[in-house]
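coords35.txt follows; it contains compact mmCIF, C-alpha atoms.
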```txt
# COMPACT_ATOMS: atom_id res chain seq x y z
CA MET E 1 5.58 -50.76 12.74
CA ASP E 2 8.06 -50.75 9.88
CA LYS E 3 8.84 -47.60 7.95
CA TRP E 4 6.87 -48.56 4.84
CA THR E 5 3.74 -49.35 6.83
CA PHE E 6 4.15 -45.94 8.43
CA GLY E 7 4.87 -44.20 5.13
CA PHE E 8 1.98 -45.68 3.18
CA THR E 9 -0.41 -45.14 6.09
CA MET E 10 0.57 -41.49 6.06
CA LEU E 11 0.20 -41.35 2.28
CA PHE E 12 -3.23 -42.98 2.11
CA VAL E 13 -4.80 -41.78 5.36
CA GLY E 14 -3.02 -38.41 5.36
CA MET E 15 -3.59 -37.50 1.72
CA GLY E 16 -7.01 -39.17 1.70
CA GLY E 17 -7.95 -37.27 4.86
CA THR E 18 -6.76 -33.99 3.34
CA ILE E 19 -8.76 -34.54 0.15
CA ALA E 20 -11.85 -35.65 2.07
CA THR E 21 -11.65 -32.62 4.36
CA LEU E 22 -11.34 -30.22 1.45
CA VAL E 23 -14.24 -31.92 -0.34
CA VAL E 24 -16.31 -31.39 2.82
CA PHE E 25 -15.22 -27.73 2.92
CA SER E 26 -16.15 -27.35 -0.72
CA LEU E 27 -19.62 -28.84 -0.14
CA ILE E 28 -20.22 -26.72 2.95
CA MET E 29 -19.21 -23.55 1.17
CA SER E 30 -21.41 -24.38 -1.82
CA ALA E 31 -24.31 -24.91 0.60
CA LEU E 32 -23.57 -21.62 2.39
CA LYS E 33 -23.56 -19.80 -0.94
CA LYS E 34 -27.02 -21.18 -1.65
CA ILE E 35 -28.32 -20.35 1.84
CA PHE E 36 -26.88 -16.83 1.81
CA PRO E 37 -26.95 -15.84 -1.86
CA TYR E 38 -25.15 -12.77 -3.08
CA LYS E 39 -27.28 -9.62 -3.16
CA LYS E 40 -26.37 -6.39 -4.92
CA GLU E 41 -25.96 -4.50 -1.60
CA ASP E 42 -23.15 -6.93 -0.66
CA MET H 43 51.98 -9.21 35.19
CA ILE H 44 53.12 -10.61 31.80
CA ASP H 45 50.95 -13.68 32.35
CA ALA H 46 47.96 -11.49 33.10
CA MET H 47 48.59 -9.44 29.95
CA LEU H 48 48.98 -12.57 27.84
CA SER H 49 45.76 -13.98 29.25
CA GLY H 50 44.01 -10.71 28.58
CA PHE H 51 45.38 -10.64 25.04
CA TYR H 52 44.27 -14.23 24.51
CA GLY H 53 40.75 -13.07 25.32
CA LEU H 54 40.96 -10.86 22.22
CA VAL H 55 42.11 -13.60 19.87
CA ALA H 56 40.20 -16.54 21.36
CA GLY H 57 37.32 -15.96 18.96
CA PHE H 58 39.65 -16.40 15.97
CA ALA H 59 41.28 -19.44 17.57
CA ALA H 60 37.93 -21.11 18.15
CA LEU H 61 36.70 -20.48 14.63
CA HIS H 62 35.87 -23.76 12.86
CA TRP H 63 35.79 -24.07 9.07
CA SER H 64 32.10 -24.89 9.27
CA ASN H 65 31.49 -21.53 11.00
CA LEU H 66 33.16 -19.75 8.10
CA LEU H 67 31.11 -21.72 5.60
CA MET H 68 27.89 -20.83 7.41
CA MET H 69 28.87 -17.15 7.53
CA LEU H 70 29.27 -17.36 3.77
CA ILE H 71 25.84 -19.00 3.48
CA GLY H 72 24.41 -16.27 5.71
CA ALA H 73 25.93 -13.68 3.38
CA ILE H 74 24.40 -15.47 0.37
CA LEU H 75 20.99 -15.38 2.07
CA LEU H 76 21.43 -11.65 2.66
CA TYR H 77 22.39 -11.20 -0.99
CA LEU H 78 19.37 -13.18 -2.21
CA GLY H 79 17.07 -11.21 0.04
CA ILE H 80 18.46 -7.75 -0.71
CA LYS H 81 19.63 -7.93 -4.31
CA LYS H 82 17.36 -10.62 -5.75
CA ASP H 83 14.29 -9.76 -3.66
CA PHE H 84 13.78 -13.42 -2.65
CA GLU H 85 11.56 -13.23 0.46
CA PRO H 86 13.72 -10.40 1.93
CA LEU H 87 11.58 -10.03 5.05
CA LEU H 88 12.65 -13.50 6.11
CA LEU H 89 15.98 -14.06 4.40
CA VAL H 90 17.56 -10.87 5.77
CA PRO H 91 17.01 -11.68 9.48
CA ILE H 92 17.76 -15.38 8.83
CA GLY H 93 21.00 -14.51 7.05
CA PHE H 94 22.05 -12.09 9.77
CA GLY H 95 21.14 -14.56 12.51
CA CYS H 96 23.14 -17.22 10.69
CA ILE H 97 26.23 -14.98 10.60
CA ILE H 98 26.16 -13.93 14.24
CA VAL H 99 25.45 -17.39 15.62
CA ASN H 100 28.61 -18.63 13.92
CA ILE H 101 30.86 -16.20 15.75
CA PRO H 102 32.45 -18.42 18.39
CA LEU H 103 32.39 -17.78 22.14
CA ALA H 104 29.61 -15.20 21.92
CA ASP H 105 27.29 -17.81 23.44
CA LEU H 106 24.24 -16.33 21.73
CA MET H 107 22.45 -19.66 21.81
CA GLU H 108 23.62 -20.65 25.29
CA LYS H 109 21.25 -20.54 28.23
CA GLU H 110 21.40 -16.79 28.81
CA GLY H 111 22.10 -15.77 25.22
CA PHE H 112 19.62 -13.34 23.68
CA LEU H 113 18.99 -15.56 20.64
CA ARG H 114 18.27 -18.50 22.93
CA ILE H 115 15.75 -16.41 24.87
CA ILE H 116 13.97 -15.36 21.65
CA TYR H 117 14.11 -18.95 20.34
CA ASP H 118 12.72 -20.45 23.53
CA MET H 119 10.07 -17.77 23.80
CA GLY H 120 8.69 -17.98 20.28
CA ILE H 121 9.86 -21.10 18.47
CA ILE H 122 9.83 -23.73 21.19
CA THR H 123 6.44 -22.49 22.34
CA GLU H 124 5.29 -22.36 18.66
CA LEU H 125 3.98 -18.85 19.21
CA PHE H 126 5.79 -17.14 16.33
CA PRO H 127 4.41 -19.21 13.45
CA LEU H 128 0.92 -18.96 14.95
CA LEU H 129 1.11 -15.18 15.28
CA ILE H 130 2.35 -14.97 11.69
CA PHE H 131 -0.70 -17.00 10.70
CA VAL H 132 -3.05 -14.45 12.27
CA GLY H 133 -1.39 -11.87 10.02
CA ILE H 134 -1.59 -14.10 6.93
CA GLY H 135 -5.28 -14.72 7.62
CA ALA H 136 -5.87 -10.97 7.90
CA MET H 137 -4.07 -10.39 4.59
CA THR H 138 -5.65 -13.24 2.60
CA ASP H 139 -8.81 -12.83 0.58
CA PHE H 140 -10.50 -16.22 0.43
CA ARG H 141 -13.36 -14.99 -1.78
CA PRO H 142 -11.81 -16.33 -5.01
CA VAL H 143 -11.95 -19.88 -3.63
CA LEU H 144 -15.50 -19.30 -2.39
CA GLU H 145 -16.54 -18.15 -5.87
CA ASN H 146 -15.68 -21.63 -7.14
CA PRO H 147 -15.54 -24.04 -4.19
CA TYR H 148 -14.26 -26.83 -6.47
CA THR H 149 -10.90 -25.04 -6.42
CA PHE H 150 -10.48 -26.40 -2.87
CA LEU H 151 -9.75 -29.68 -4.66
CA LEU H 152 -6.87 -28.10 -6.56
CA GLY H 153 -5.61 -27.00 -3.15
CA ALA H 154 -5.75 -30.64 -2.07
CA ALA H 155 -3.95 -31.94 -5.16
CA GLY H 156 -1.17 -29.46 -4.53
CA GLN H 157 -0.35 -31.21 -1.25
CA PHE H 158 0.56 -34.60 -2.74
CA GLY H 159 4.22 -33.62 -2.72
CA ILE H 160 4.20 -33.58 1.08
CA PHE H 161 3.29 -37.23 1.35
CA LEU H 162 5.41 -38.45 -1.56
CA THR H 163 8.44 -36.65 -0.11
CA LEU H 164 7.74 -38.16 3.28
CA LEU H 165 8.06 -41.59 1.64
CA LEU H 166 11.34 -40.56 0.02
CA ALA H 167 12.68 -39.23 3.33
CA LEU H 168 11.85 -42.58 4.92
CA ALA H 169 13.69 -44.31 2.06
CA PHE H 170 16.75 -42.18 2.91
CA GLY H 171 16.57 -43.53 6.45
CA PHE H 172 15.23 -40.48 8.27
CA PRO H 173 13.31 -41.28 11.48
CA TYR H 174 9.51 -40.93 11.31
CA LYS H 175 9.18 -37.45 12.82
CA ASP H 176 12.10 -36.13 10.76
CA ALA H 177 10.55 -37.55 7.59
CA VAL H 178 7.23 -35.86 8.41
CA THR H 179 9.03 -32.56 8.95
CA ILE H 180 10.91 -32.86 5.66
CA GLY H 181 7.73 -33.78 3.80
CA ILE H 182 5.97 -30.73 5.18
CA ILE H 183 8.37 -28.49 3.18
CA GLY H 184 6.03 -29.45 0.34
CA ALA H 185 3.29 -27.46 2.06
CA CYS H 186 5.18 -24.49 0.59
CA ASP H 187 4.11 -22.62 3.68
CA GLY H 188 6.81 -21.22 5.97
CA PRO H 189 4.86 -20.92 9.24
CA THR H 190 3.42 -24.44 8.87
CA VAL H 191 6.90 -25.83 8.28
CA ILE H 192 8.27 -23.99 11.31
CA TYR H 193 5.34 -25.06 13.48
CA VAL H 194 5.80 -28.74 12.66
CA ALA H 195 9.60 -28.64 12.82
CA SER H 196 9.75 -26.82 16.14
CA GLN H 197 7.40 -29.36 17.65
CA TYR H 198 8.71 -32.61 16.23
CA ALA H 199 12.21 -32.11 14.82
CA PRO H 200 13.75 -28.90 16.24
CA HIS H 201 17.21 -30.05 15.11
CA LEU H 202 16.01 -29.72 11.48
CA LEU H 203 14.44 -26.31 11.96
CA GLY H 204 17.17 -24.32 10.21
CA ALA H 205 17.42 -26.59 7.18
CA VAL H 206 13.68 -27.02 6.59
CA SER H 207 12.90 -23.34 7.14
CA VAL H 208 15.59 -22.15 4.77
CA ALA H 209 14.44 -24.75 2.24
CA ALA H 210 10.79 -23.73 2.56
CA TYR H 211 11.36 -19.99 2.23
CA SER H 212 14.02 -20.25 -0.49
CA TYR H 213 11.93 -22.57 -2.66
CA MET H 214 8.81 -20.49 -2.11
CA SER H 215 10.66 -17.53 -3.52
CA LEU H 216 11.81 -19.70 -6.43
CA VAL H 217 8.25 -20.64 -7.44
CA PRO H 218 8.39 -18.35 -10.53
CA VAL H 219 11.47 -20.24 -11.67
CA LEU H 220 10.47 -23.77 -10.65
CA GLN H 221 6.87 -23.96 -11.81
CA PRO H 222 6.76 -22.80 -15.46
CA PRO H 223 8.92 -25.60 -16.94
CA ILE H 224 6.82 -28.22 -15.13
CA MET H 225 3.61 -26.57 -16.32
CA ARG H 226 4.82 -26.55 -19.91
CA MET H 227 6.10 -30.12 -19.72
CA LEU H 228 2.78 -31.55 -18.53
CA THR H 229 0.32 -29.65 -20.71
CA SER H 230 -0.31 -29.39 -24.43
CA LYS H 231 -0.43 -26.03 -26.23
CA LYS H 232 -4.18 -26.46 -26.74
CA GLU H 233 -4.72 -27.00 -23.00
CA ARG H 234 -2.62 -23.98 -22.08
CA GLU H 235 -4.62 -21.79 -24.46
CA THR H 236 -7.94 -22.63 -22.76
CA VAL H 237 -9.93 -19.51 -21.90
CA MET H 238 -11.91 -19.80 -18.69
CA LYS H 239 -15.22 -18.07 -18.11
CA THR H 240 -14.95 -14.73 -16.33
CA HIS H 241 -16.03 -14.69 -12.71
CA GLN H 242 -19.34 -13.21 -11.66
CA LYS H 243 -19.32 -11.97 -8.09
CA THR H 244 -21.38 -14.58 -6.25
CA VAL H 245 -20.15 -14.56 -2.66
CA SER H 246 -22.22 -12.70 -0.10
CA ASP H 247 -20.63 -10.96 2.86
CA THR H 248 -22.42 -13.41 5.17
CA THR H 249 -20.83 -16.40 3.41
CA ALA H 250 -17.40 -14.76 3.53
CA LEU H 251 -17.88 -14.08 7.25
CA LEU H 252 -19.09 -17.59 8.02
CA PHE H 253 -16.25 -19.21 6.08
CA PRO H 254 -13.54 -18.86 8.76
CA ILE H 255 -15.84 -19.98 11.57
CA VAL H 256 -17.16 -23.02 9.73
CA ILE H 257 -13.71 -24.07 8.52
CA THR H 258 -12.29 -23.73 12.03
CA ILE H 259 -15.02 -25.83 13.63
CA VAL H 260 -15.23 -28.54 10.95
CA GLY H 261 -11.47 -28.65 10.34
CA GLY H 262 -10.78 -28.65 14.08
CA LEU H 263 -13.13 -31.56 14.63
CA ILE H 264 -11.53 -33.57 11.82
CA ALA H 265 -7.92 -32.76 12.75
CA PRO H 266 -7.75 -31.37 16.30
CA LYS H 267 -3.95 -31.51 16.46
CA GLY H 268 -3.78 -28.90 13.71
CA LEU H 269 -6.30 -26.56 15.27
CA PRO H 270 -3.67 -24.02 16.40
CA LEU H 271 -2.62 -23.55 12.75
CA LEU H 272 -6.13 -23.52 11.36
CA SER H 273 -7.72 -21.36 14.02
CA THR H 274 -5.07 -18.63 13.92
CA ILE H 275 -5.24 -18.15 10.15
CA MET H 276 -9.03 -18.19 10.32
CA LEU H 277 -9.06 -15.75 13.25
CA GLY H 278 -7.10 -13.28 11.14
CA ASN H 279 -9.49 -13.76 8.24
CA PHE H 280 -12.56 -13.48 10.46
CA MET H 281 -11.32 -10.17 11.86
CA LYS H 282 -10.80 -8.90 8.31
CA GLU H 283 -14.20 -10.05 7.04
CA SER H 284 -16.09 -8.81 10.09
CA GLY H 285 -14.85 -5.27 9.51
CA ALA H 286 -15.58 -4.61 13.19
CA VAL H 287 -12.02 -4.71 14.46
CA ALA H 288 -10.12 -2.72 11.89
CA ARG H 289 -7.43 -1.77 14.40
CA LEU H 290 -6.74 -5.39 15.32
CA THR H 291 -6.76 -6.44 11.67
CA LYS H 292 -4.30 -3.68 10.82
CA ALA H 293 -2.10 -4.62 13.77
CA ALA H 294 -2.14 -8.29 12.74
CA GLU H 295 -1.27 -7.39 9.14
CA ASN H 296 1.46 -4.93 10.02
CA GLU H 297 2.91 -4.44 13.49
CA ILE H 298 2.46 -7.99 14.82
CA SER H 299 3.52 -9.64 11.55
CA ASN H 300 6.54 -7.37 11.22
CA ILE H 301 7.82 -7.83 14.76
CA VAL H 302 7.24 -11.57 14.74
CA THR H 303 8.82 -11.96 11.29
CA LEU H 304 11.97 -10.25 12.56
CA LEU H 305 12.16 -12.40 15.69
CA LEU H 306 11.25 -15.55 13.78
CA GLY H 307 13.86 -14.93 11.12
CA ILE H 308 16.69 -14.26 13.51
CA SER H 309 15.71 -17.31 15.60
CA ILE H 310 15.80 -19.55 12.53
CA GLY H 311 19.19 -18.13 11.59
CA ALA H 312 20.30 -18.91 15.11
CA THR H 313 19.74 -22.63 14.51
CA MET H 314 22.26 -22.60 11.67
CA SER H 315 25.48 -22.94 13.61
CA GLY H 316 28.23 -24.57 11.54
CA PRO H 317 28.93 -27.81 13.39
CA ALA H 318 25.21 -28.63 13.67
CA PHE H 319 24.23 -27.55 10.15
CA VAL H 320 27.08 -28.60 7.88
CA LYS H 321 26.44 -32.27 7.26
CA PRO H 322 25.30 -34.42 4.34
CA GLN H 323 21.86 -34.72 5.94
CA THR H 324 21.24 -30.99 5.35
CA LEU H 325 21.99 -31.35 1.66
CA ILE H 326 19.58 -34.29 1.39
CA ILE H 327 16.88 -32.22 3.15
CA LEU H 328 17.40 -29.32 0.72
CA CYS H 329 17.13 -31.70 -2.26
CA LEU H 330 14.02 -33.40 -0.87
CA GLY H 331 12.43 -30.03 -0.18
CA LEU H 332 13.00 -28.98 -3.76
CA LEU H 333 11.50 -32.23 -4.96
CA ALA H 334 8.50 -31.78 -2.67
CA ILE H 335 7.58 -28.44 -4.25
CA CYS H 336 8.10 -29.81 -7.78
CA LEU H 337 5.89 -32.81 -6.97
CA ASP H 338 3.18 -30.50 -5.64
CA THR H 339 3.21 -28.65 -8.95
CA VAL H 340 3.18 -31.90 -10.94
CA CYS H 341 0.19 -33.26 -9.01
CA GLY H 342 -1.64 -29.92 -9.15
CA VAL H 343 -1.24 -29.62 -12.92
CA LEU H 344 -2.21 -33.28 -13.45
CA PHE H 345 -5.36 -32.72 -11.41
CA GLY H 346 -5.98 -29.60 -13.49
CA LYS H 347 -5.81 -31.83 -16.57
CA VAL H 348 -8.34 -34.20 -15.02
CA LEU H 349 -10.68 -31.22 -14.52
CA TYR H 350 -9.99 -30.11 -18.09
CA TYR H 351 -11.22 -33.44 -19.46
CA ILE H 352 -14.12 -33.82 -16.99
CA THR H 353 -15.46 -30.37 -17.85
CA GLY H 354 -14.99 -30.81 -21.57
CA GLY H 355 -12.15 -28.30 -21.80
CA LYS H 356 -13.62 -25.54 -19.63
CA VAL H 357 -10.82 -25.57 -17.01
CA ASN H 358 -7.32 -24.52 -17.96
CA PRO H 359 -5.04 -27.14 -16.36
CA LEU H 360 -2.40 -24.49 -15.62
CA ILE H 361 -4.45 -23.27 -12.67
CA GLY H 362 -3.66 -26.58 -10.94
CA ALA H 363 -0.11 -25.32 -10.41
CA ALA H 364 -1.52 -22.63 -8.13
CA GLY H 365 -2.91 -25.22 -5.72
CA ILE H 366 0.09 -24.67 -3.46
CA SER H 367 0.39 -22.27 -0.59
CA ALA H 368 2.79 -19.74 -2.14
CA PHE H 369 0.14 -17.02 -2.13
CA PRO H 370 -0.31 -15.05 -4.38
CA MET H 371 2.96 -15.66 -6.18
CA SER H 372 1.87 -18.94 -7.70
CA ALA H 373 -1.38 -17.46 -9.05
CA ARG H 374 0.61 -14.72 -10.77
CA VAL H 375 2.89 -17.31 -12.36
CA VAL H 376 -0.18 -19.11 -13.75
CA GLN H 377 -1.61 -15.86 -15.10
CA ARG H 378 1.68 -15.02 -16.81
CA GLU H 379 2.03 -18.48 -18.36
CA GLY H 380 -1.58 -18.47 -19.56
CA GLN H 381 -1.14 -15.08 -21.21
CA LYS H 382 1.98 -16.27 -22.99
CA TYR H 383 -0.09 -18.75 -24.97
CA ASN H 384 -3.34 -16.86 -25.30
CA LYS H 385 -3.60 -13.11 -24.87
CA LYS H 386 -7.36 -13.45 -24.28
CA SER H 387 -6.86 -15.79 -21.35
CA TYR H 388 -7.30 -14.22 -17.90
CA LEU H 389 -6.57 -16.93 -15.38
CA LEU H 390 -5.65 -14.75 -12.40
CA MET H 391 -8.90 -14.94 -10.44
CA HIS H 392 -9.28 -18.68 -11.10
CA ALA H 393 -5.67 -19.23 -10.08
CA MET H 394 -6.20 -17.07 -6.98
CA GLY H 395 -9.03 -19.44 -6.06
CA ALA H 396 -6.75 -22.44 -6.40
CA ASN H 397 -4.03 -20.58 -4.52
CA ALA H 398 -6.35 -19.68 -1.63
CA GLY H 399 -7.47 -23.32 -1.70
CA GLY H 400 -3.79 -24.29 -1.49
CA GLN H 401 -3.39 -22.04 1.53
CA VAL H 402 -6.20 -23.86 3.33
CA GLY H 403 -5.04 -27.17 1.84
CA SER H 404 -1.51 -26.89 3.19
CA VAL H 405 -2.74 -26.07 6.68
CA MET H 406 -5.24 -28.93 6.53
CA ALA H 407 -2.61 -31.35 5.20
CA ALA H 408 -0.36 -30.51 8.16
CA ALA H 409 -3.31 -30.71 10.55
CA VAL H 410 -4.44 -34.08 9.17
CA MET H 411 -0.87 -35.35 9.26
CA LEU H 412 -0.46 -34.42 12.93
CA SER H 413 -3.77 -35.98 13.84
CA VAL H 414 -2.91 -39.20 11.98
CA LEU H 415 0.44 -39.27 13.81
CA LYS H 416 -1.39 -38.79 17.09
CA GLY H 417 -3.83 -41.53 16.15
CA MET H 418 -0.92 -43.87 15.43
CA GLY H 419 0.63 -43.02 18.80
CA ILE H 420 3.78 -41.53 17.26
CA ILE H 421 3.31 -38.12 18.85
```
What do you get writing this file as structure tokens?
Amino acid sequence: MDKWTFGFTMLFVGMGGTIATLVVFSLIMSALKKIFPYKKED
Amino acid sequence: MIDAMLSGFYGLVAGFAALHWSNLLMMLIGAILLYLGIKKDFEPLLLVPIGFGCIIVNIPLADLMEKEGFLRIIYDMGIITELFPLLIFVGIGAMTDFRPVLENPYTFLLGAAGQFGIFLTLLLALAFGFPYKDAVTIGIIGACDGPTVIYVASQYAPHLLGAVSVAAYSYMSLVPVLQPPIMRMLTSKKERETVMKTHQKTVSDTTALLFPIVITIVGGLIAPKGLPLLSTIMLGNFMKESGAVARLTKAAENEISNIVTLLLGISIGATMSGPAFVKPQTLIILCLGLLAICLDTVCGVLFGKVLYYITGGKVNPLIGAAGISAFPMSARVVQREGQKYNKKSYLLMHAMGANAGGQVGSVMAAAVMLSVLKGMGII
């Protein structure tokens, strides 16, 4: 594998994977907030 | 008798005789690190032990980094085994309040945008001819996260440990200097003046408690190679949110973090011996590291602008700059810049959300990177 194949794979899969993971986290946390809504006693 | 005396005397001057110019240069650099830490308050907890370690490792014939040397023992015990950065992460997790990012989960995306610099710098490092693992290690400076940088470097490019660690910690402390000009350059006055809606408290204790567990499991499944990083920071946060182990949380925040920071700092300093450190490659790494952090800020602010337009001007693009891991320094910089242009603008809590997102984002970026490398068979 040449260095540019490596570099662009890291850029697209690595950055794409990071964004996708954080989108998943964001969705999960939004869902958790709906399932366990904030109550005054919190 | 005379011979014996001469030999004995030589023992007292051998250190001077063996001194190389690069040792003297590194002692000077060690002194500069001490100065920056003590007088300028740039990450003193790290720069002081690093600077001191750098000075003592450059005294010839002391053999501090030889097999039985005390610095070698500390280095092997905590850096080679990766224990130190992981223990620091438990402390960081215990100190970090992730509720601001949970208030507005979309700020996770700002934390993602703030990691672009890692991957762009990796490409640049490859262009400079660095081998794959070295390029990954240099790119990770853009995570703006000392323990992550040390974890990756110790595993995949231990010969770069000194340069990348010094770069990461120095540039982190320079965030208040580096970020504002980039923020001003990329945003209009109108954008900078945007007032964001004040936060209502919307996160329940249950959600805050579940956050570290869910992130560990989901993140670990996506990027198993980064689980040590992710799980330790989340363990610290879980202990804090549970409230059930106050003693452990306090120990993680204070005693453990303090002891490990001292040992970590002096071990990093110990990698900065003159002949190994003084070379053009180090200068290139320092420049690339600086670029990485600037690129993170550029991408974060640009993503902030995207949010500004998508939401019809409800998001101040400046908060994008906080999507890096320099927590909470970067959020404070955003607050200060926002206030400069509009006294009614209180961006701190929004920026803290982006900053906490950046903390998770940097760990995830490193974790994803390691798992992609594993998938490609490079590690």
*Could you give me, as a PyMOL selection string, the residues within 8 Å of segment 6-18 of chain E, counting only C-alpha atoms and dropping anything in the same chain fewer than 4 positions from it?*
(chain E and resi 1-2+22) or (chain H and resi 154+157-158+161-162+164-165+168+174+403+406-407+410-411+414)
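Going from atom CA of Thr5 of chain E over to atom CA of Ala408 of chain H, you cover 19.3 Å.
The two atoms in question, atom CA of Cys186 of chain H and atom CA of Phe94 of chain H, are spaced 22.9 Å apart.
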Exercise on segment 57-73 of chain H, axis-aligned box with 4 Å per side, report centre and edge lengths in Å to one decimal, as lines of an AutoDock Vina configuration file:
```
center_x = 32.8
center_y = -19.3
center_z = 11.2
size_x = 24.9
size_y = 19.2
size_z = 23.6
```
*Leaving out Val99 of chain H and any residue of its chain fewer than 3 positions from it, which residues lie within 10 Å of it when counting only C-alpha atoms, given as a PyMOL selection string?*
chain H and resi 65+68-69+94-96+102-107+113+308-309+311-316
With C-alpha atoms kept, could you save the residues just selected as a PDB file, keeping the file's coordinate frame?
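Output (part_0.pdb):
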```pdb
ATOM      1  CA  ASN H  65      31.490 -21.530  11.000  1.00  0.00           C
ATOM      2  CA  MET H  68      27.890 -20.830   7.410  1.00  0.00           C
ATOM      3  CA  MET H  69      28.870 -17.150   7.530  1.00  0.00           C
ATOM      4  CA  PHE H  94      22.050 -12.090   9.770  1.00  0.00           C
ATOM      5  CA  GLY H  95      21.140 -14.560  12.510  1.00  0.00           C
ATOM      6  CA  CYS H  96      23.140 -17.220  10.690  1.00  0.00           C
ATOM      7  CA  PRO H 102      32.450 -18.420  18.390  1.00  0.00           C
ATOM      8  CA  LEU H 103      32.390 -17.780  22.140  1.00  0.00           C
ATOM      9  CA  ALA H 104      29.610 -15.200  21.920  1.00  0.00           C
ATOM     10  CA  ASP H 105      27.290 -17.810  23.440  1.00  0.00           C
ATOM     11  CA  LEU H 106      24.240 -16.330  21.730  1.00  0.00           C
ATOM     12  CA  MET H 107      22.450 -19.660  21.810  1.00  0.00           C
ATOM     13  CA  LEU H 113      18.990 -15.560  20.640  1.00  0.00           C
ATOM     14  CA  ILE H 308      16.690 -14.260  13.510  1.00  0.00           C
ATOM     15  CA  SER H 309      15.710 -17.310  15.600  1.00  0.00           C
ATOM     16  CA  GLY H 311      19.190 -18.130  11.590  1.00  0.00           C
ATOM     17  CA  ALA H 312      20.300 -18.910  15.110  1.00  0.00           C
ATOM     18  CA  THR H 313      19.740 -22.630  14.510  1.00  0.00           C
ATOM     19  CA  MET H 314      22.260 -22.600  11.670  1.00  0.00           C
ATOM     20  CA  SER H 315      25.480 -22.940  13.610  1.00  0.00           C
ATOM     21  CA  GLY H 316      28.230 -24.570  11.540  1.00  0.00           C
TER      22      GLY H 316
END
```
*So which residues are close to (-5.3, -15.6, 0.8), meaning at most 12 Å away in the file's coordinates with all atoms listed in the file counted, and can you show them as JSON, numbers by chain?*
{"H": [131, 132, 133, 134, 135, 136, 137, 138, 139, 140, 141, 142, 143, 144, 254, 275, 276, 278, 279, 282, 364, 365, 366, 367, 368, 369, 370, 371, 372, 373, 391, 393, 394, 395, 396, 397, 398, 399, 400, 401, 402, 403]}
*For atom CA of Val55 of chain H and atom CA of Gly111 of chain H, the interatomic separation in Å (one decimal)*: 20.8 Å
*Given the choices H:Pro223, H:Pro317, H:Gly181, H:Pro270, which gets closest to chain E if the distance is worked out from all atoms listed in the file?*
H:Gly181
*Within 9 Å of Cys329 of chain H, counting all atoms listed in the file, which residues show up once you throw out same-chain ones fewer than 5 positions away? Write them as an MDAnalysis selection string, please.*
chainID H and resid 209 324 334
*Got a sec: who's within 10 Å of Leu328 of chain H, counting only C-alpha atoms, leaving out chain neighbours fewer than 2 positions off, as a ChimeraX atom specification?*
/H:180,183,205-210,212-213,323-326,330-334
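Of the listed residues H:Ile130, H:Ile192, H:Ile182, H:Leu75, the one whose atoms come nearest to chain E is H:Ile182, with distances taken using only C-alpha atoms.
In terms of minimum interatomic distance to chain E, H:Gly261 ranks closest within H:Gly261, H:Gly79, H:Gly354, H:Gly268, counting only C-alpha atoms.
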From the coordinates supplied, segment 7-40 of chain E should be written with C-alpha atoms, as a PDB file, in the first residue's frame.
```pdb
ATOM      1  CA  GLY E   7      -3.244   8.555   4.207  1.00  0.00           C
ATOM      2  CA  PHE E   8      -6.567   8.998   2.441  1.00  0.00           C
ATOM      3  CA  THR E   9      -7.930   5.770   3.928  1.00  0.00           C
ATOM      4  CA  MET E  10      -7.095   7.152   7.351  1.00  0.00           C
ATOM      5  CA  LEU E  11      -8.654  10.501   6.452  1.00  0.00           C
ATOM      6  CA  PHE E  12     -11.914   9.129   5.080  1.00  0.00           C
ATOM      7  CA  VAL E  13     -12.407   6.042   7.244  1.00  0.00           C
ATOM      8  CA  GLY E  14     -10.809   7.558  10.343  1.00  0.00           C
ATOM      9  CA  MET E  15     -12.522  10.935  10.241  1.00  0.00           C
ATOM     10  CA  GLY E  16     -15.728   9.411   8.867  1.00  0.00           C
ATOM     11  CA  GLY E  17     -15.664   6.809  11.632  1.00  0.00           C
ATOM     12  CA  THR E  18     -15.104   9.495  14.269  1.00  0.00           C
ATOM     13  CA  ILE E  19     -17.998  11.609  12.989  1.00  0.00           C
ATOM     14  CA  ALA E  20     -20.286   8.585  12.668  1.00  0.00           C
ATOM     15  CA  THR E  21     -19.447   7.442  16.195  1.00  0.00           C
ATOM     16  CA  LEU E  22     -20.137  10.866  17.659  1.00  0.00           C
ATOM     17  CA  VAL E  23     -23.418  11.100  15.730  1.00  0.00           C
ATOM     18  CA  VAL E  24     -24.385   7.738  17.258  1.00  0.00           C
ATOM     19  CA  PHE E  25     -23.411   9.043  20.724  1.00  0.00           C
ATOM     20  CA  SER E  26     -25.459  12.160  20.125  1.00  0.00           C
ATOM     21  CA  LEU E  27     -28.530  10.133  19.100  1.00  0.00           C
ATOM     22  CA  ILE E  28     -28.174   7.749  22.039  1.00  0.00           C
ATOM     23  CA  MET E  29     -27.859  10.584  24.510  1.00  0.00           C
ATOM     24  CA  SER E  30     -30.873  12.375  23.017  1.00  0.00           C
ATOM     25  CA  ALA E  31     -32.839   9.130  23.386  1.00  0.00           C
ATOM     26  CA  LEU E  32     -31.659   8.680  26.990  1.00  0.00           C
ATOM     27  CA  LYS E  33     -32.743  12.221  27.801  1.00  0.00           C
ATOM     28  CA  LYS E  34     -36.215  11.393  26.515  1.00  0.00           C
ATOM     29  CA  ILE E  35     -36.369   8.066  28.370  1.00  0.00           C
ATOM     30  CA  PHE E  36     -35.100   9.551  31.637  1.00  0.00           C
ATOM     31  CA  PRO E  37     -36.352  13.142  31.561  1.00  0.00           C
ATOM     32  CA  TYR E  38     -35.108  15.682  34.045  1.00  0.00           C
ATOM     33  CA  LYS E  39     -37.233  16.000  37.178  1.00  0.00           C
ATOM     34  CA  LYS E  40     -37.014  18.805  39.715  1.00  0.00           C
TER      35      LYS E  40
END
```
